[in-house]
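So this one's structure-v5.txt, compact mmCIF, C-alpha atoms:
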```
# COMPACT_ATOMS: atom_id res chain seq x y z
CA MET Q 1 100.38 66.48 91.14
CA ASN Q 2 103.51 67.50 92.95
CA GLY Q 3 106.06 69.23 90.78
CA GLU Q 4 103.74 69.37 87.79
CA LEU Q 5 104.54 72.27 85.46
CA LYS Q 6 102.28 75.26 85.88
CA GLU Q 7 101.45 77.95 83.41
CA LEU Q 8 103.04 81.35 84.02
CA LYS Q 9 101.94 84.46 82.14
CA LEU Q 10 103.71 87.70 82.75
CA THR Q 11 105.08 90.77 81.05
CA ILE Q 12 108.84 91.26 81.04
CA ASN Q 13 110.31 94.50 79.75
CA GLY Q 14 107.06 95.25 77.98
CA LYS Q 15 106.85 91.90 76.21
CA PRO Q 16 104.22 89.28 77.12
CA TYR Q 17 105.56 85.82 77.97
CA GLU Q 18 103.77 82.51 78.46
CA LEU Q 19 105.73 79.58 79.74
CA LYS Q 20 105.50 76.50 81.94
CA VAL Q 21 107.52 76.34 85.13
CA LYS Q 22 107.94 74.08 88.14
CA PRO Q 23 106.15 75.45 91.22
CA GLN Q 24 109.39 75.56 93.20
CA ALA Q 25 111.22 77.61 90.55
CA LEU Q 26 112.41 80.96 91.83
CA LEU Q 27 111.83 83.99 89.66
CA VAL Q 28 115.59 84.59 89.31
CA ASP Q 29 116.03 81.07 87.91
CA VAL Q 30 113.23 81.45 85.39
CA LEU Q 31 114.66 84.79 84.22
CA ARG Q 32 118.18 83.47 83.91
CA LYS Q 33 117.71 79.84 82.87
CA ASN Q 34 114.38 79.63 81.05
CA LEU Q 35 114.45 83.05 79.44
CA ARG Q 36 118.23 83.61 79.26
CA LEU Q 37 117.88 87.08 80.73
CA THR Q 38 121.20 86.72 82.52
CA GLY Q 39 121.66 90.41 83.30
CA THR Q 40 119.93 89.73 86.61
CA LYS Q 41 122.52 88.13 88.87
CA GLN Q 42 122.10 85.43 91.44
CA GLY Q 43 124.23 86.17 94.46
CA CYS Q 44 123.54 84.87 97.94
CA LEU Q 45 120.15 83.15 97.52
CA THR Q 46 119.38 84.18 101.11
CA SER Q 47 117.79 87.53 100.36
CA SER Q 48 120.85 89.38 101.65
CA CYS Q 49 122.93 90.75 98.78
CA GLY Q 50 120.48 92.42 96.39
CA ALA Q 51 122.28 91.28 93.22
CA CYS Q 52 119.02 89.76 91.94
CA THR Q 53 117.03 93.00 92.33
CA ILE Q 54 114.44 93.55 89.61
CA VAL Q 55 111.36 95.75 89.42
CA ILE Q 56 107.83 94.34 89.67
CA ASP Q 57 104.91 96.72 89.11
CA GLY Q 58 107.24 99.65 89.73
CA LYS Q 59 108.76 98.34 92.95
CA ALA Q 60 112.24 96.97 93.56
CA VAL Q 61 112.15 93.37 94.80
CA LYS Q 62 114.57 90.48 95.15
CA SER Q 63 113.96 87.87 92.46
CA CYS Q 64 115.67 85.16 94.52
CA SER Q 65 112.97 85.49 97.17
CA ILE Q 66 109.90 85.24 94.99
CA LEU Q 67 108.49 82.11 93.38
CA ALA Q 68 108.25 82.56 89.63
CA LEU Q 69 104.54 81.70 89.84
CA GLN Q 70 104.03 84.60 92.23
CA ALA Q 71 104.90 86.93 89.35
CA ASN Q 72 101.96 85.57 87.36
CA GLY Q 73 100.04 88.47 85.83
CA HIS Q 74 102.61 91.03 86.94
CA GLU Q 75 104.80 93.44 85.04
CA VAL Q 76 108.49 92.73 85.45
CA THR Q 77 111.38 94.98 84.45
CA THR Q 78 114.92 93.64 84.39
CA ILE Q 79 118.20 95.33 83.55
CA GLU Q 80 117.72 94.24 79.92
CA GLY Q 81 114.65 96.46 79.71
CA LEU Q 82 116.39 99.74 80.50
CA ALA Q 83 118.38 100.63 77.41
CA ASP Q 84 116.50 101.77 74.31
CA GLY Q 85 118.35 99.82 71.61
CA ASP Q 86 121.93 101.10 71.75
CA LYS Q 87 120.95 104.10 73.78
CA LEU Q 88 121.65 103.48 77.44
CA HIS Q 89 119.32 104.54 80.21
CA PRO Q 90 120.51 107.72 82.01
CA ILE Q 91 121.23 105.67 85.14
CA GLN Q 92 123.44 103.29 83.17
CA GLU Q 93 125.22 106.23 81.53
CA ALA Q 94 125.83 107.92 84.85
CA PHE Q 95 127.22 104.69 86.35
CA ILE Q 96 129.69 104.39 83.47
CA GLU Q 97 130.68 108.05 83.33
CA HIS Q 98 131.18 108.28 87.06
CA GLY Q 99 133.07 105.01 87.32
CA ALA Q 100 130.44 103.49 89.57
CA VAL Q 101 131.29 100.01 88.39
CA GLU Q 102 133.91 97.74 89.88
CA CYS Q 103 133.67 94.05 89.04
CA GLY Q 104 130.13 94.70 87.84
CA PHE Q 105 128.37 91.78 89.53
CA CYS Q 106 126.22 93.91 91.81
CA THR Q 107 125.69 96.62 89.19
CA PRO Q 108 122.45 95.38 87.55
CA GLY Q 109 120.78 95.07 90.95
CA ARG Q 110 121.95 98.52 91.94
CA VAL Q 111 120.75 100.07 88.70
CA MET Q 112 117.33 98.47 89.22
CA SER Q 113 117.11 99.78 92.79
CA ALA Q 114 117.98 103.24 91.48
CA LYS Q 115 115.42 102.90 88.68
CA ALA Q 116 112.60 102.03 91.09
CA LEU Q 117 113.60 104.92 93.33
CA LEU Q 118 113.75 107.53 90.58
CA ASP Q 119 110.50 106.39 88.94
CA GLU Q 120 108.72 106.88 92.24
CA ASN Q 121 110.68 109.89 93.48
CA PRO Q 122 112.56 111.77 90.72
CA ASN Q 123 114.20 114.16 93.18
CA PRO Q 124 115.40 112.07 96.13
CA THR Q 125 117.71 113.30 98.87
CA ARG Q 126 121.09 111.64 99.35
CA GLU Q 127 119.63 109.88 102.37
CA GLU Q 128 116.77 108.50 100.28
CA ILE Q 129 119.26 107.27 97.67
CA ARG Q 130 121.33 105.60 100.37
CA GLU Q 131 118.23 103.93 101.78
CA ALA Q 132 117.12 102.69 98.34
CA MET Q 133 120.57 101.18 97.64
CA GLN Q 134 121.08 99.94 101.20
CA SER Q 135 120.49 96.33 100.33
CA ASN Q 136 122.70 96.15 97.25
CA LEU Q 137 125.93 94.82 98.65
CA CYS Q 138 129.28 95.29 96.93
CA ALA Q 139 132.24 93.05 97.68
CA ASP Q 140 134.67 95.59 96.21
CA GLU Q 141 134.00 98.28 98.80
CA GLY Q 142 132.38 100.56 96.27
CA TYR Q 143 129.50 102.36 97.90
CA VAL Q 144 130.08 106.08 97.43
CA LYS Q 145 130.26 106.32 93.64
CA TYR Q 146 127.00 104.44 93.18
CA ILE Q 147 125.25 107.02 95.27
CA GLU Q 148 126.97 109.90 93.50
CA ALA Q 149 126.04 108.42 90.12
CA VAL Q 150 122.37 108.49 91.09
CA GLU Q 151 122.80 112.07 92.27
CA ILE Q 152 124.21 112.93 88.83
CA VAL Q 153 121.09 111.49 87.18
CA VAL Q 154 118.91 113.51 89.54
CA LYS Q 155 120.82 116.71 88.73
CA LYS Q 156 120.57 116.12 85.00
CA THR Q 157 116.88 115.23 84.97
CA GLN Q 158 115.96 117.99 87.43
CA GLY Q 159 117.61 120.59 85.18
CA GLY Q 160 120.66 121.08 87.35
CA SER Q 161 118.65 122.32 90.32
CA MET C 1 113.84 73.21 96.96
CA ARG C 2 111.61 70.15 97.53
CA GLU C 3 108.68 69.78 95.12
CA PHE C 4 105.20 70.82 96.17
CA GLU C 5 101.83 71.32 94.61
CA TYR C 6 100.96 75.00 94.17
CA PHE C 7 97.64 76.81 94.42
CA ALA C 8 96.95 80.51 93.96
CA PRO C 9 93.43 81.18 95.27
CA LYS C 10 91.97 84.58 94.45
CA THR C 11 89.59 84.84 97.39
CA VAL C 12 89.78 84.18 101.13
CA LYS C 13 87.04 81.59 100.78
CA GLU C 14 88.97 79.65 98.14
CA ALA C 15 92.07 79.76 100.31
CA LEU C 16 90.13 78.51 103.34
CA SER C 17 88.57 75.67 101.31
CA LEU C 18 92.03 74.53 100.23
CA LEU C 19 93.25 74.76 103.83
CA SER C 20 90.34 72.71 105.15
CA GLN C 21 91.00 70.14 102.43
CA TYR C 22 94.74 69.68 103.03
CA GLU C 23 95.12 70.89 106.66
CA GLU C 24 98.53 69.92 108.11
CA GLU C 25 99.98 69.07 104.72
CA ALA C 26 99.38 72.57 103.42
CA GLU C 27 101.24 75.75 104.15
CA ILE C 28 100.30 79.29 103.28
CA ILE C 29 102.80 81.50 101.53
CA ALA C 30 102.21 85.26 101.37
CA GLY C 31 105.23 87.35 100.33
CA GLY C 32 107.46 84.41 101.22
CA GLN C 33 110.31 86.68 102.29
CA SER C 34 110.95 84.50 105.34
CA LEU C 35 109.35 81.23 104.24
CA LEU C 36 111.32 80.81 101.00
CA VAL C 37 114.59 81.16 102.89
CA ILE C 38 113.80 78.18 105.11
CA MET C 39 112.27 76.23 102.24
CA ARG C 40 115.45 76.70 100.21
CA GLN C 41 117.45 75.44 103.16
CA GLY C 42 115.25 72.34 103.25
CA LEU C 43 114.12 73.13 106.80
CA PHE C 44 110.56 73.27 105.68
CA THR C 45 108.98 71.02 103.07
CA PRO C 46 105.23 71.49 102.59
CA LYS C 47 103.37 69.14 100.29
CA TYR C 48 100.87 71.78 99.24
CA LEU C 49 101.65 75.46 99.04
CA ILE C 50 98.75 77.90 99.05
CA ASP C 51 99.86 81.26 97.71
CA VAL C 52 97.58 83.95 99.14
CA LYS C 53 99.65 86.91 97.95
CA GLY C 54 97.17 87.58 95.13
CA ILE C 55 94.12 87.96 97.41
CA SER C 56 93.73 91.71 96.97
CA ALA C 57 90.75 91.88 99.35
CA LEU C 58 93.21 91.50 102.26
CA ASP C 59 95.34 94.45 101.21
CA TYR C 60 94.01 97.51 103.06
CA ILE C 61 94.66 100.03 105.79
CA ASN C 62 91.73 101.89 107.31
CA ARG C 63 90.98 103.64 110.51
CA ASP C 64 88.22 105.29 112.44
CA GLU C 65 88.35 106.79 115.90
CA GLY C 66 85.96 104.25 117.42
CA LYS C 67 87.16 101.00 115.87
CA GLY C 68 90.79 101.98 115.62
CA LEU C 69 93.13 100.77 112.91
CA ARG C 70 92.46 97.78 110.66
CA ILE C 71 95.24 96.35 108.52
CA GLY C 72 94.56 93.58 106.01
CA ALA C 73 96.92 90.65 106.54
CA LEU C 74 98.31 90.92 103.01
CA THR C 75 99.28 94.56 103.22
CA ILE C 76 102.96 94.92 102.35
CA HIS C 77 105.37 96.38 104.89
CA ARG C 78 106.21 99.31 102.64
CA ALA C 79 102.53 100.33 102.45
CA ILE C 80 102.33 100.45 106.25
CA GLU C 81 105.57 102.43 106.45
CA LYS C 82 104.35 104.98 103.91
CA SER C 83 100.65 105.17 104.89
CA PRO C 84 99.72 108.76 105.84
CA ILE C 85 97.08 107.36 108.25
CA ILE C 86 99.68 105.31 110.07
CA GLN C 87 102.32 108.03 110.00
CA ARG C 88 99.82 110.38 111.61
CA HIS C 89 98.11 108.13 114.16
CA PHE C 90 100.47 105.19 114.74
CA LYS C 91 103.91 106.67 114.14
CA VAL C 92 105.61 103.81 115.96
CA LEU C 93 104.33 101.35 113.34
CA SER C 94 105.69 103.42 110.49
CA GLU C 95 109.04 103.81 112.27
CA MET C 96 109.24 100.08 112.99
CA GLU C 97 108.46 99.24 109.35
CA GLY C 98 111.02 101.75 108.06
CA ASN C 99 113.71 99.77 109.84
CA LEU C 100 112.38 96.29 108.99
CA ALA C 101 114.74 94.56 106.55
CA THR C 102 115.29 96.38 103.26
CA ILE C 103 113.12 98.20 100.76
CA GLN C 104 113.07 95.18 98.42
CA THR C 105 111.82 92.94 101.22
CA ARG C 106 109.27 95.50 102.40
CA ASN C 107 107.99 95.84 98.84
CA TRP C 108 106.94 92.18 98.64
CA GLY C 109 106.69 90.92 102.20
CA THR C 110 103.38 91.22 104.05
CA ILE C 111 102.54 92.09 107.63
CA GLY C 112 100.45 88.93 108.05
CA GLY C 113 103.21 86.75 106.66
CA ASN C 114 105.65 88.26 109.12
CA LEU C 115 103.38 87.58 112.12
CA CYS C 116 102.51 84.03 111.03
CA HIS C 117 106.17 83.16 110.49
CA GLY C 118 106.47 83.47 114.26
CA ASP C 119 110.10 84.52 114.39
CA PRO C 120 110.77 85.94 117.86
CA ALA C 121 113.24 88.36 116.27
CA GLY C 122 110.45 89.87 114.15
CA ASP C 123 109.74 93.54 114.79
CA PRO C 124 105.96 93.86 114.25
CA ALA C 125 104.75 91.46 116.99
CA PRO C 126 106.24 93.27 120.03
CA VAL C 127 105.01 96.61 118.72
CA PHE C 128 101.51 95.21 118.20
CA ILE C 129 101.61 93.72 121.71
CA ALA C 130 102.52 97.13 123.13
CA LEU C 131 99.63 98.61 121.13
CA MET C 132 97.18 95.97 122.49
CA ALA C 133 96.47 94.74 118.97
CA LYS C 134 94.30 91.75 118.11
CA LEU C 135 94.26 89.34 115.21
CA LYS C 136 91.29 88.12 113.23
CA LEU C 137 91.73 84.47 112.30
CA ALA C 138 89.40 82.87 109.79
CA SER C 139 88.48 79.31 108.90
CA LEU C 140 85.63 78.20 106.64
CA GLY C 141 82.47 79.85 107.96
CA GLN C 142 84.15 80.94 111.20
CA GLU C 143 86.16 83.78 112.63
CA ARG C 144 87.82 84.32 115.96
CA ILE C 145 89.74 87.17 117.54
CA MET C 146 92.99 86.63 119.41
CA GLU C 147 95.35 89.01 121.16
CA VAL C 148 98.71 89.29 119.41
CA GLU C 149 100.24 88.44 122.76
CA GLU C 150 98.58 85.00 122.66
CA PHE C 151 99.52 84.23 119.08
CA SER C 152 103.13 83.04 119.34
CA LYS C 153 103.59 79.62 120.89
CA ASP C 154 107.26 78.82 120.33
CA TYR C 155 110.06 79.49 117.88
CA LEU C 156 108.34 79.73 114.44
CA GLU C 157 105.13 78.30 115.96
CA VAL C 158 101.90 80.27 116.11
CA ALA C 159 98.41 79.51 117.36
CA LEU C 160 96.80 79.02 113.96
CA GLU C 161 94.75 75.87 113.55
CA PRO C 162 95.66 73.90 110.41
CA ASN C 163 92.49 75.14 108.69
CA GLU C 164 92.90 78.77 109.74
CA MET C 165 94.50 81.86 108.28
CA LEU C 166 95.20 85.34 109.59
CA VAL C 167 93.04 87.89 107.80
CA GLU C 168 93.30 91.15 109.75
CA ILE C 169 95.24 93.01 112.41
CA GLN C 170 93.15 95.26 114.64
CA VAL C 171 94.81 98.04 116.62
CA PRO C 172 92.63 99.97 119.05
CA THR C 173 92.89 103.74 119.26
CA PRO C 174 95.29 104.33 122.16
CA PRO C 175 93.91 106.15 125.23
CA PRO C 176 94.78 109.86 125.51
CA ASN C 177 98.31 110.68 126.75
CA THR C 178 99.74 107.45 125.43
CA GLY C 179 103.17 107.21 123.84
CA THR C 180 104.66 104.15 122.16
CA ALA C 181 108.17 103.52 120.87
CA TYR C 182 110.24 100.65 119.52
CA GLU C 183 114.01 100.45 119.64
CA LYS C 184 116.22 97.61 118.47
CA LEU C 185 119.92 96.87 118.51
CA THR C 186 121.34 96.32 115.04
CA VAL C 187 124.74 96.34 113.42
CA MET C 188 123.30 97.74 110.19
CA LYS C 189 120.03 99.54 109.53
CA GLY C 190 117.35 97.04 108.64
CA ASP C 191 119.01 94.08 110.35
CA MET C 192 117.03 91.75 112.54
CA GLY C 193 117.35 93.13 116.05
CA ILE C 194 119.92 91.43 118.27
CA VAL C 195 117.31 92.44 120.81
CA GLY C 196 114.47 94.95 120.62
CA ALA C 197 111.98 96.55 122.98
CA ALA C 198 108.54 98.03 122.38
CA VAL C 199 107.19 100.20 125.18
CA SER C 200 103.82 101.88 125.51
CA ILE C 201 103.10 104.28 128.36
CA THR C 202 99.77 105.90 129.25
CA LEU C 203 99.74 108.82 131.68
CA SER C 204 96.81 110.07 133.71
CA SER C 205 95.69 113.43 132.35
CA GLU C 206 95.02 114.67 135.92
CA ASP C 207 98.21 113.96 137.86
CA GLY C 208 100.62 112.59 135.26
CA VAL C 209 100.84 109.23 137.05
CA CYS C 210 101.54 106.23 134.80
CA LYS C 211 98.13 104.58 134.34
CA ASP C 212 99.27 101.77 132.12
CA ALA C 213 102.47 100.42 130.64
CA ARG C 214 103.12 97.60 128.22
CA ILE C 215 106.55 96.28 127.36
CA ALA C 216 107.33 93.55 124.84
CA LEU C 217 110.72 92.29 123.68
CA SER C 218 111.96 90.91 120.40
CA ASN C 219 114.64 88.25 120.17
CA ALA C 220 114.83 87.82 123.93
CA SER C 221 112.93 84.52 124.14
CA SER C 222 111.50 81.86 121.80
CA ILE C 223 108.46 84.12 121.36
CA PRO C 224 107.86 87.89 121.31
CA LEU C 225 107.91 88.30 125.08
CA ARG C 226 105.68 90.53 127.17
CA VAL C 227 107.48 91.42 130.41
CA ARG C 228 104.79 92.10 132.97
CA GLU C 229 107.02 92.50 136.00
CA ALA C 230 108.87 95.29 134.20
CA GLU C 231 105.53 96.93 133.42
CA ARG C 232 104.61 96.81 137.12
CA GLN C 233 107.68 98.89 137.93
CA LEU C 234 106.04 101.77 136.10
CA ILE C 235 102.28 101.49 136.67
CA GLY C 236 100.87 103.77 139.37
CA LYS C 237 104.01 105.87 139.67
CA VAL C 238 105.15 109.32 138.63
CA LEU C 239 107.80 108.31 136.14
CA ASN C 240 111.40 109.40 136.18
CA ASP C 241 114.54 108.09 134.53
CA ASP C 242 115.48 105.89 137.50
CA LEU C 243 112.16 104.08 137.24
CA LEU C 244 112.65 103.54 133.51
CA ALA C 245 116.10 102.10 134.24
CA GLU C 246 114.53 99.88 136.91
CA ALA C 247 111.99 98.61 134.37
CA GLY C 248 114.89 97.81 132.04
CA GLN C 249 116.65 95.91 134.82
CA VAL C 250 113.54 93.88 135.65
CA ALA C 251 112.86 93.21 131.94
CA SER C 252 116.38 91.84 131.55
CA GLU C 253 115.71 89.44 134.43
CA GLU C 254 112.46 88.31 132.81
CA ALA C 255 114.07 87.82 129.39
CA GLU C 256 114.92 84.30 128.31
CA THR C 257 117.86 85.16 126.10
CA THR C 258 119.98 82.64 124.24
CA SER C 259 123.38 82.87 122.60
CA ASP C 260 124.09 82.88 118.89
CA VAL C 261 126.61 84.34 116.48
CA HIS C 262 125.18 87.83 117.01
CA GLY C 263 125.57 87.93 120.76
CA SER C 264 125.76 85.87 123.92
CA ALA C 265 122.81 85.40 126.24
CA GLU C 266 124.53 87.67 128.79
CA TYR C 267 125.14 90.42 126.26
CA ARG C 268 121.53 90.24 125.09
CA ARG C 269 120.37 90.55 128.70
CA GLU C 270 122.47 93.69 129.13
CA MET C 271 121.10 95.10 125.91
CA VAL C 272 117.51 94.40 126.98
CA LYS C 273 118.22 96.69 129.92
CA VAL C 274 119.51 99.43 127.62
CA PHE C 275 116.85 99.13 124.94
CA VAL C 276 113.88 98.94 127.30
CA ARG C 277 115.08 102.14 128.92
CA ARG C 278 115.72 103.78 125.57
CA ALA C 279 112.27 102.87 124.21
CA ALA C 280 110.63 103.82 127.52
CA ARG C 281 112.23 107.28 127.46
CA LYS C 282 110.92 107.89 123.98
CA ALA C 283 107.47 106.51 124.85
CA LEU C 284 107.30 108.72 127.94
CA GLU C 285 108.30 111.79 125.97
CA ARG C 286 105.54 111.01 123.50
CA ALA C 287 102.97 110.35 126.23
CA ARG C 288 103.80 113.72 127.79
CA ALA C 289 103.44 115.42 124.42
CA GLY C 290 99.90 113.92 124.29
```

Output the file's structure in the form of structure tokens.
Amino acid sequence: MNGELKELKLTINGKPYELKVKPQALLVDVLRKNLRLTGTKQGCLTSSCGACTIVIDGKAVKSCSILALQANGHEVTTIEGLADGDKLHPIQEAFIEHGAVECGFCTPGRVMSAKALLDENPNPTREEIREAMQSNLCADEGYVKYIEAVEIVVKKTQGGS
Amino acid sequence: MREFEYFAPKTVKEALSLLSQYEEEAEIIAGGQSLLVIMRQGLFTPKYLIDVKGISALDYINRDEGKGLRIGALTIHRAIEKSPIIQRHFKVLSEMEGNLATIQTRNWGTIGGNLCHGDPAGDPAPVFIALMAKLKLASLGQERIMEVEEFSKDYLEVALEPNEMLVEIQVPTPPPNTGTAYEKLTVMKGDMGIVGAAVSITLSSEDGVCKDARIALSNASSIPLRVREAERQLIGKVLNDDLLAEAGQVASEEAETTSDVHGSAEYRREMVKVFVRRAARKALERARAG
């Protein structure tokens, strides 16, 4: 039947979830509303701003442009999955230390884009960092510090080379 | 978003059975990077949505010299961009993909979904037209092959029958001394092109005369537009920059540009001139390099 709830099984931040969702539910809505993982932000809903960026199977994607049911069987990482208890992820630390946060709305999406980049390519060039963060828009005109913060993480993890 | 019934077949056959059952009332979703935008806007309201994204059998890139390149319809853009095979043998495809939307979109969106969406501003179709690519379309128990050039019918309309789906893109190995390039006008990297031009040039190995040329435009008509008159300006001649400019001029006359917030019809026409020449220069350079 139309609109009938469908079963969705997926792993989020290492934890298995089983829930029932409407077929038309977007992944961002299920994360935020059903599961209360509100770290992922909903910005434009037109696949433009990147605020809803999460990682699926190691790749950065926009959770506003994926049906929740399309994530069935996949491994999802959201901003909530980065810190280890009270210990922040090095990307989060670098963002704070370097002041790469303005109002903060676009920050989770940016951190997730950086996470996907560094997991795949631990030693990216500045150009590669710029490309990876290209689709995370900031309304506060803060683009340089985000890139520098990722460079700081690279320097630290690559032993200052 | 309007309600729909959702299916996630795991094989092509299952998907085709569902299509033959529901026909016009069903729509296929692959990555949904274009489709979900228009569904959210209420412009498109399918009753049955068949999600083919999970059909892993249609996710592949392979090549041999004789058959050429074969890309499964559900290969994501990012895989094409990063494929060593494509970077080596079909550089233009990798370049085009590297400038198609953003990494997040390329990580989930598929090449087949892009072509079937039928947006004349899409980048892959004109490049595939320049590369003489064909599409394999499947329905239950049947397959047919269609040139990419024949596939688009109108704005967001393609030549798929209601019971058919795109399963493969086939790109022949280009003849020797062929160069292909794609250039598009954007405000920001990754934007949809305000206009774009794909040009393929084949030179004769004996006298350097242009043996064949193919030019296709993006966002200059309601479909990805092949401009044959512009091609004729080049074929049979020893190419120089004036001839490339002439091809650009003729292409801009053939274009059926319209106005929108990104540019007027007149501006687009001017830019067709510029971008055909720009892509043709690059294609010629590549053809000369072998």

Review point. So, counting only C-alpha atoms, which residue among Q:Pro23, Q:Val61, Q:Leu82, Q:Leu35 is closest to Lys47 (chain C)?
Key: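 When distances to Lys47 (chain C) are compared using only C-alpha atoms, the smallest one comes from Q:Pro23.
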
Review point. From the set C:Asp241, C:Glu157, C:Glu147, C:Asp59, which residue has the shortest atom-to-atom contact distance to Glu285 (chain C), counting only C-alpha atoms?
Key: C:Asp241

Exercise for review: Considering all atoms listed in the file, state which residue in the set C:Ala213, C:Ala8, C:Leu100, C:Ile169 is at the smallest distance from Ala198 (chain C).
Suggested key: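 Smallest distance to Ala198 (chain C) is found for C:Ala213.
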
Check your understanding: Could you state the separation of CA of His89 (chain Q) and CA of Lys145 (chain Q) in Å, given to one decimal place?
Key ->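 Interatomic distance here is 17.4 Å.
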
Contacts between chain Q and chain C, please, where a residue of chain C counts if it comes within 8 Å (with all atoms listed in the file); show its shortest atom pair and distance in Å to one decimal, rows by chain and ascending number, as a Markdown table.
```
| residue | atom | partner | partner_atom | distance |
| --- | --- | --- | --- | --- |
| C:Met1 | CA | Q:Gln24 | CA | 6.3 |
| C:Arg2 | CA | Q:Gln24 | CA | 7.3 |
| C:Glu3 | CA | Q:Gly3 | CA | 5.1 |
| C:Phe4 | CA | Q:Asn2 | CA | 4.9 |
| C:Glu5 | CA | Q:Asn2 | CA | 4.5 |
| C:Tyr6 | CA | Q:Pro23 | CA | 6.0 |
| C:Gly31 | CA | Q:Ile66 | CA | 7.4 |
| C:Gly32 | CA | Q:Ile66 | CA | 6.7 |
| C:Gln33 | CA | Q:Ser65 | CA | 5.9 |
| C:Leu36 | CA | Q:Ser65 | CA | 6.3 |
| C:Val37 | CA | Q:Thr46 | CA | 5.9 |
| C:Lys47 | CA | Q:Asn2 | CA | 7.5 |
| C:Asp51 | CA | Q:Gln70 | CA | 7.7 |
| C:Lys53 | CA | Q:Gln70 | CA | 7.6 |
| C:Thr102 | CA | Q:Ser135 | CA | 6.0 |
| C:Ile103 | CA | Q:Ala132 | CA | 6.5 |
| C:Gln104 | CA | Q:Val61 | CA | 4.2 |
| C:Thr105 | CA | Q:Val61 | CA | 6.4 |
| C:Asn107 | CA | Q:Val61 | CA | 6.3 |
| C:Trp108 | CA | Q:Val61 | CA | 6.6 |
```

Exercise for review: Tell me, as a list in words, which residues lie within 9 Å of Glu150 (chain C), counting only C-alpha atoms; anything in the same chain fewer than 4 positions away does not count.
Suggested key: Met146, Val158 and Ala159 of chain C

Review point. For the atom pair CA of Gly112 (chain C) and CA of Val167 (chain C), what is the interatomic distance in Å to one decimal place?
Key: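 Computing the Euclidean distance for CA of Gly112 (chain C) and CA of Val167 (chain C) yields 7.5 Å.
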
Practice item. Around the point (127.1, 88.7, 84.2) in the file's coordinates, collect all residues with an atom within 7 Å, using only C-alpha atoms, and return them as a count of residues only. Key: 4

Using only the atoms of region 23-34 of chain C listed in the file, plus 6 Å on each side, state the axis-aligned box centre and edge lengths in Å rounded to one decimal, as lines of an AutoDock Vina configuration file.
```
center_x = 103.0
center_y = 78.2
center_z = 104.2
size_x = 27.8
size_y = 30.3
size_z = 19.8
```

Residues of region 33-128 of chain C within 10 Å of region 221-225 of chain C: nearest atom pair and distance (Å, one decimal) for each, counting all atoms listed in the file, sorted by chain and number, as JSON lines?
```
{"residue": "C:Gly118", "atom": "CA", "partner": "C:Ile223", "partner_atom": "CA", "distance": 7.4}
{"residue": "C:Asp119", "atom": "CA", "partner": "C:Ile223", "partner_atom": "CA", "distance": 7.2}
{"residue": "C:Pro120", "atom": "CA", "partner": "C:Ile223", "partner_atom": "CA", "distance": 4.6}
{"residue": "C:Ala121", "atom": "CA", "partner": "C:Pro224", "partner_atom": "CA", "distance": 7.4}
{"residue": "C:Gly122", "atom": "CA", "partner": "C:Pro224", "partner_atom": "CA", "distance": 7.9}
{"residue": "C:Asp123", "atom": "CA", "partner": "C:Pro224", "partner_atom": "CA", "distance": 8.8}
{"residue": "C:Pro124", "atom": "CA", "partner": "C:Pro224", "partner_atom": "CA", "distance": 9.4}
{"residue": "C:Ala125", "atom": "CA", "partner": "C:Pro224", "partner_atom": "CA", "distance": 6.4}
{"residue": "C:Pro126", "atom": "CA", "partner": "C:Pro224", "partner_atom": "CA", "distance": 5.8}
{"residue": "C:Val127", "atom": "CA", "partner": "C:Pro224", "partner_atom": "CA", "distance": 9.5}
```

Review point. What does the distance between CA of Glu65 (chain C) and CA of Val92 (chain C) come to in Å, to one decimal place?
Key: 17.5 Å

Study note, to complete from the structure: Using only C-alpha atoms, the best pick from C:Lys153, C:His262, C:Met165, C:Thr75 as closest to Leu137 (chain C) would be C:Met165

Taking (92.1, 97.4, 116.2) as a centre in this file's frame and 8 Å as the limit, can you find every polymer residue with an atom that close, using only C-alpha atoms, and give them as an mmCIF file with C-alpha atoms, in the frame of the given file?
```
data_model
loop_
_atom_site.group_PDB
_atom_site.id
_atom_site.type_symbol
_atom_site.label_atom_id
_atom_site.label_comp_id
_atom_site.auth_asym_id
_atom_site.auth_seq_id
_atom_site.Cartn_x
_atom_site.Cartn_y
_atom_site.Cartn_z
ATOM 1 C CA LYS C 67 87.160 101.000 115.870
ATOM 2 C CA GLY C 68 90.790 101.980 115.620
ATOM 3 C CA LEU C 69 93.130 100.770 112.910
ATOM 4 C CA ARG C 70 92.460 97.780 110.660
ATOM 5 C CA ALA C 133 96.470 94.740 118.970
ATOM 6 C CA LYS C 134 94.300 91.750 118.110
ATOM 7 C CA ILE C 169 95.240 93.010 112.410
ATOM 8 C CA GLN C 170 93.150 95.260 114.640
ATOM 9 C CA VAL C 171 94.810 98.040 116.620
ATOM 10 C CA PRO C 172 92.630 99.970 119.050
ATOM 11 C CA THR C 173 92.890 103.740 119.260
#
```

Exercise for review: Please identify all polymer residues within 10 Å of Gly81 (chain Q), counting only C-alpha atoms, omitting same-chain residues fewer than 2 positions from it, and present them as a ChimeraX atom specification.
Suggested key: /Q:12-15,37,39,76-79,83-85,89

Point to revise | Surrounding residues of Ala230 (chain C) excluding itself and chain neighbours under 5 positions, 6 Å, all atoms listed in the file, as a VMD selection string | key: chain C and resid 247 250 to 251

Check your understanding: Of the candidates C:Glu206, C:Glu97, C:Glu164, C:Asp64, which one gets nearest to Ala79 (chain C) if we count all atoms listed in the file?
Key ->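 Smallest distance to Ala79 (chain C) is found for C:Glu97.
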